[in-house]
$ cat data.txt   # compact mmCIF, C-alpha atoms
# COMPACT_ATOMS: atom_id res chain seq x y z
CA THR A 1 6.83 8.30 -11.55
CA ALA A 2 4.65 7.93 -14.59
CA ARG A 3 2.09 10.05 -16.44
CA THR A 4 -0.32 7.17 -17.07
CA PHE A 5 -1.43 4.11 -15.17
CA GLU A 6 -3.02 0.87 -16.38
CA VAL A 7 -5.99 -0.59 -14.58
CA ALA A 8 -7.82 -3.90 -15.04
CA ARG A 9 -4.86 -5.64 -16.66
CA THR A 10 -5.72 -8.94 -18.29
CA TYR A 11 -2.25 -10.29 -17.51
CA ARG A 12 -0.69 -9.34 -14.16
CA PHE A 13 2.57 -7.65 -15.21
CA ALA A 14 1.99 -7.33 -18.96
CA LYS A 15 2.03 -3.69 -19.99
CA GLY A 16 -0.54 -2.93 -22.64
CA SER A 17 -3.03 -5.52 -21.36
CA GLY A 18 -5.04 -3.01 -19.32
CA MET A 19 -6.91 0.26 -19.77
CA PRO A 20 -4.61 3.32 -19.58
CA VAL A 21 -5.73 6.11 -17.24
CA PRO A 22 -3.97 9.46 -17.87
CA ILE A 23 -3.14 10.49 -14.29
CA PRO A 24 0.26 11.13 -12.68
CA VAL A 25 1.21 8.25 -10.37
CA ILE A 26 4.12 6.70 -8.53
CA GLU A 27 4.38 3.16 -9.88
CA MET A 28 5.05 0.36 -7.43
CA ILE A 29 5.51 -3.15 -8.70
CA GLU A 30 4.70 -5.05 -5.53
CA ILE A 31 3.89 -4.18 -1.95
CA GLY A 32 4.37 -7.13 0.37
CA ALA A 33 2.69 -5.79 3.48
CA GLY A 34 -0.60 -7.03 4.83
CA GLY A 35 -3.31 -4.95 6.46
CA GLY A 36 -2.03 -5.62 9.97
CA ALA A 37 1.58 -4.58 9.30
CA LEU A 38 2.47 -1.65 11.55
CA ALA A 39 4.01 1.50 10.06
CA TRP A 40 6.91 3.45 11.55
CA VAL A 41 9.45 6.11 10.55
CA ASP A 42 13.12 5.07 10.41
CA ALA A 43 16.18 7.17 11.38
CA MET A 44 16.33 8.68 7.87
CA GLY A 45 12.69 9.82 8.03
CA ARG A 46 11.40 7.14 5.63
CA ILE A 47 8.07 5.41 6.23
CA GLN A 48 8.58 1.68 6.77
CA THR A 49 6.22 -1.23 7.44
CA GLY A 50 6.72 -4.41 9.44
CA PRO A 51 8.04 -6.68 10.69
CA ASP A 52 5.79 -5.78 13.66
CA SER A 53 2.18 -6.70 13.07
CA ALA A 54 -1.11 -6.11 14.81
CA GLY A 55 -1.90 -9.76 14.15
CA SER A 56 -4.96 -11.35 12.61
CA GLU A 57 -7.30 -9.15 14.69
CA THR A 58 -5.74 -5.95 13.34
CA ARG A 59 -7.50 -3.41 15.55
CA PRO A 60 -6.64 -0.48 13.29
CA ALA A 61 -6.59 2.89 15.02
CA SER A 62 -9.00 4.32 12.45
CA TYR A 63 -11.69 1.81 13.45
CA GLN A 64 -11.35 2.89 17.11
CA ARG A 65 -10.86 -0.73 18.10
CA GLY A 66 -8.04 -0.18 20.56
CA GLY A 67 -5.10 0.20 18.20
CA THR A 68 -2.75 3.12 18.85
CA ARG A 69 -0.05 2.44 16.23
CA PRO A 70 -0.90 2.98 12.53
CA ALA A 71 -1.32 -0.14 10.40
CA ILE A 72 -1.57 -0.56 6.62
CA THR A 73 -5.35 -0.75 7.04
CA ASP A 74 -5.29 2.76 8.57
CA ALA A 75 -3.38 4.09 5.57
CA ASP A 76 -5.81 2.41 3.18
CA LEU A 77 -8.77 4.02 4.91

$ encode --input "data.txt" --output "structure tokens"
Amino acid sequence: TARTFEVARTYRFAKGSGMPVPIPVIEMIEIGAGGGALAWVDAMGRIQTGPDSAGSETRPASYQRGGTRPAITDADL
């Protein structure tokens, strides 16, 4: 967790190269899931993504395009 967050960094991982925004956040360095990656809850109750994917035609549930399992795109929306 952090009390500030940098946006619009000039250099990708260089702290101090962006504009600080004073809001509480959970910092994540990298998220390697695409919009079609399907989400699920593991045995310990943690939210996981992949390796299952909705494919290139994601059909997210939130678009009412036939998807029934939540994808990263659904979480983004």

$ residues_near_point --input "data.txt" --point "(-0.4, 4.5, 2.5)" --cutoff "12 Å" --atoms "only C-alpha atoms" --output "list of chain:residue names"
A:Ile31, A:Ala33, A:Gly34, A:Gly35, A:Ala37, A:Leu38, A:Ala39, A:Trp40, A:Ile47, A:Gln48, A:Thr49, A:Pro70, A:Ala71, A:Ile72, A:Thr73, A:Asp74, A:Ala75, A:Asp76, A:Leu77

$ write_last_selection --input "data.txt" --atoms "C-alpha atoms" --output "PDB file, in the frame of the given file"
ATOM      1  CA  ILE A  31       3.890  -4.180  -1.950  1.00  0.00           C
ATOM      2  CA  ALA A  33       2.690  -5.790   3.480  1.00  0.00           C
ATOM      3  CA  GLY A  34      -0.600  -7.030   4.830  1.00  0.00           C
ATOM      4  CA  GLY A  35      -3.310  -4.950   6.460  1.00  0.00           C
ATOM      5  CA  ALA A  37       1.580  -4.580   9.300  1.00  0.00           C
ATOM      6  CA  LEU A  38       2.470  -1.650  11.550  1.00  0.00           C
ATOM      7  CA  ALA A  39       4.010   1.500  10.060  1.00  0.00           C
ATOM      8  CA  TRP A  40       6.910   3.450  11.550  1.00  0.00           C
ATOM      9  CA  ILE A  47       8.070   5.410   6.230  1.00  0.00           C
ATOM     10  CA  GLN A  48       8.580   1.680   6.770  1.00  0.00           C
ATOM     11  CA  THR A  49       6.220  -1.230   7.440  1.00  0.00           C
ATOM     12  CA  PRO A  70      -0.900   2.980  12.530  1.00  0.00           C
ATOM     13  CA  ALA A  71      -1.320  -0.140  10.400  1.00  0.00           C
ATOM     14  CA  ILE A  72      -1.570  -0.560   6.620  1.00  0.00           C
ATOM     15  CA  THR A  73      -5.350  -0.750   7.040  1.00  0.00           C
ATOM     16  CA  ASP A  74      -5.290   2.760   8.570  1.00  0.00           C
ATOM     17  CA  ALA A  75      -3.380   4.090   5.570  1.00  0.00           C
ATOM     18  CA  ASP A  76      -5.810   2.410   3.180  1.00  0.00           C
ATOM     19  CA  LEU A  77      -8.770   4.020   4.910  1.00  0.00           C
TER      20      LEU A  77
END

$ atom_distance --input "data.txt" --atom1 "atom CA of Asp42 of chain A" --atom2 "atom CA of Val25 of chain A"
24.2 Å

$ residues_near_point --input "data.txt" --point "(-3.4, 8.9, -18.5)" --cutoff "7 Å" --atoms "only C-alpha atoms" --output "list in words"
Arg3, Thr4, Phe5, Pro20, Val21, Pro22 and Ile23 of chain A

$ closest_residue --input "data.txt" --among "A:Ala43, A:Ala14, A:Met28, A:Ala54" --to "Ala2 of chain A" --atoms "all atoms listed in the file"
A:Met28

$ atom_distance --input "data.txt" --atom1 "atom CA of Glu27 of chain A" --atom2 "atom CA of Pro51 of chain A"
23.1 Å

$ atom_distance --input "data.txt" --atom1 "atom CA of Arg69 of chain A" --atom2 "atom CA of Ser53 of chain A"
9.9 Å

$ closest_residue --input "data.txt" --among "A:Gly55, A:Met44, A:Gln64, A:Thr1" --to "Ile26 of chain A" --atoms "all atoms listed in the file"
A:Thr1
